[in-house]
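Structure first, commentary second.
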Amino acid sequence: LDLAAATPLLCAGITVYSPMMHFGLRTNMKFGVVGLGGLGHMAAKFGVAFGNHTTVISRGTGKKASALGDLGVDAFIDSKNAEEMAAAAKTFDFLLCTVSADYDVGEYLNLLKHDGKFVVVGVPESARPIQMNPLIFRRISIAGSLIGGVKETQEMLDFCGKKNIVCDIETISAAQIDEGYERTVKGDVKYRFVIDTATI
């Protein structure tokens with residue numbers, strides 16, 4: 001694997017790989033990735049590699065071509081499109097939410113089947129209210145995850161080596177760190193910056 005492109009696997013990669021494994025994502029499940037950024041693009045790559053029917057759910061259509069083309073997912077849903085969200089209601093087995101902005105949790109719980117799982121790795125600024133009815137009547141689980149341990153990280157790296165999976169990166173020099181930070185805040189990175197330490 002390319003060293004620069006493999007480096008973020010130790011952060012973004014294991015952050016999404018660990019909950020996918022721990023919470024029992026299996027090949028026959030319909031899998032959705034909420035949010036397409038540094039974490040989301042890795043979750044999408046893993047979902048495709050695992051053989052899941054993989055859908056990216058994102059605000060607007062700006063990342064649709066990248067999701068369907070570059071990442072090779074099966075479907076894309078614009079979360080701002082009420083018709084698309086309604087059509088996908090109660091169809092997913094497993095949703096991995098990578099979003100760090102505020103959002104309506106209920107909109108995503110509505111997408112889950114009976115026994116569906118909503119796993120969170122993104123951290124919104126404010127607390128999110130949750131409607132209990134979907135949890136009770138469809139036996140939905142909500143969980144969170146931070147990162148994986150050494151053994152699981154090695155397992156992920158072995159899998160990535162076998163499947164030739166790396167992060168989509170842009171390499172920058174030390175002189176570009178401030179610019180890189182500003183672009184990250186604006187969401188203008190596809191999908192991870194890697195700093196060339198030879199320039200420090």
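Every chain in the structure tokens takes a letter, A first, then B, and so on in the order presented; its residues are numbered from 1, and the ligands are numbered from 1 following the presented order.
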**OP:** Show which residues sit within 9 Å of segment 176-180 of chain A, as a count of residues only. Count only C-alpha atoms, and ignore same-chain residues fewer than 4 positions away.
**Re:** 7
**OP:** Name all residues at most 12 Å from Leu146 of chain A (count only C-alpha atoms; drop same-chain ones fewer than 6 positions away) and give them as a list in words.
**Re:**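 The residues satisfying every condition are Cys11, Ala12, Gly13, Ile14, Thr15, Val16, Tyr17, Ser18, Pro19, Met20, His22, Leu39, Thr98, Val119, Val120, Val121, Gly122 and Val123 of chain A.
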List as a PDB file with C-alpha atoms, in the first residue's frame the protein and nucleic acid residues near His53 of chain A, meaning an atom at most 12 Å away when only C-alpha atoms are counted, but skip any in the same chain fewer than 6 places from it.
```
ATOM      1  CA  LEU A  25     -22.164  -5.799   9.903  1.00  0.00           C
ATOM      2  CA  ARG A  26     -22.532  -8.805   7.607  1.00  0.00           C
ATOM      3  CA  THR A  27     -22.367  -9.196   3.840  1.00  0.00           C
ATOM      4  CA  ASN A  28     -26.111  -9.747   3.420  1.00  0.00           C
ATOM      5  CA  MET A  29     -27.027  -6.485   5.176  1.00  0.00           C
ATOM      6  CA  LYS A  30     -28.101  -3.235   3.522  1.00  0.00           C
ATOM      7  CA  PHE A  31     -25.575  -0.711   4.785  1.00  0.00           C
ATOM      8  CA  GLY A  32     -25.794   3.087   4.799  1.00  0.00           C
ATOM      9  CA  VAL A  33     -23.063   5.653   5.438  1.00  0.00           C
ATOM     10  CA  ALA A  44     -18.151   3.400   2.051  1.00  0.00           C
ATOM     11  CA  LYS A  45     -14.999   1.682   0.771  1.00  0.00           C
ATOM     12  CA  PHE A  46     -15.222  -0.977   3.477  1.00  0.00           C
ATOM     13  CA  GLY A  47     -18.931  -1.548   2.845  1.00  0.00           C
ATOM     14  CA  GLY A  72     -18.339   2.553  -6.257  1.00  0.00           C
ATOM     15  CA  VAL A  73     -21.300   2.533  -3.876  1.00  0.00           C
ATOM     16  CA  ASP A  74     -24.624   1.108  -5.003  1.00  0.00           C
ATOM     17  CA  ALA A  75     -26.808   4.121  -4.267  1.00  0.00           C
ATOM     18  CA  PHE A  76     -26.845   7.721  -3.085  1.00  0.00           C
ATOM     19  CA  THR A  91     -34.976  -0.482   4.289  1.00  0.00           C
ATOM     20  CA  PHE A  92     -31.583  -0.400   6.047  1.00  0.00           C
ATOM     21  CA  ASP A  93     -30.078  -2.932   8.422  1.00  0.00           C
ATOM     22  CA  PHE A  94     -27.120  -0.826   9.574  1.00  0.00           C
ATOM     23  CA  LEU A  95     -26.377   2.900   9.429  1.00  0.00           C
TER      24      LEU A  95
END
```
Original post:
Which residues in segment 10-185 of chain A does DSSP call helix (DSSP H, G or I)? List them as a PyMOL selection string.
Top reply: chain A and resi 10+12-22+38-50+64-70+82-87+105-109+132-137+150-163+174-185
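Among the candidates A:Ile200, A:Met85, A:Ala49, A:Val99, the one nearest to Ala175 of chain A when counting only C-alpha atoms is A:Ile200.
Residues lying within 10 Å of Gly106 of chain A, counting only C-alpha atoms and ignoring same-chain neighbours fewer than 6 positions away, are Arg128, Pro129, Ile130, Gln131, Met132, Asn133 and Pro134 of chain A.
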Those same residues, written as an mmCIF file, in the first residue's frame with C-alpha atoms?
```
data_model
loop_
_atom_site.group_PDB
_atom_site.id
_atom_site.type_symbol
_atom_site.label_atom_id
_atom_site.label_comp_id
_atom_site.auth_asym_id
_atom_site.auth_seq_id
_atom_site.Cartn_x
_atom_site.Cartn_y
_atom_site.Cartn_z
ATOM 1 C CA ARG A 128 -29.545 15.303 19.894
ATOM 2 C CA PRO A 129 -33.128 14.548 20.995
ATOM 3 C CA ILE A 130 -34.280 11.002 20.252
ATOM 4 C CA GLN A 131 -37.842 9.775 19.729
ATOM 5 C CA MET A 132 -38.264 6.500 21.606
ATOM 6 C CA ASN A 133 -41.082 4.936 19.563
ATOM 7 C CA PRO A 134 -38.890 3.633 16.704
#
```
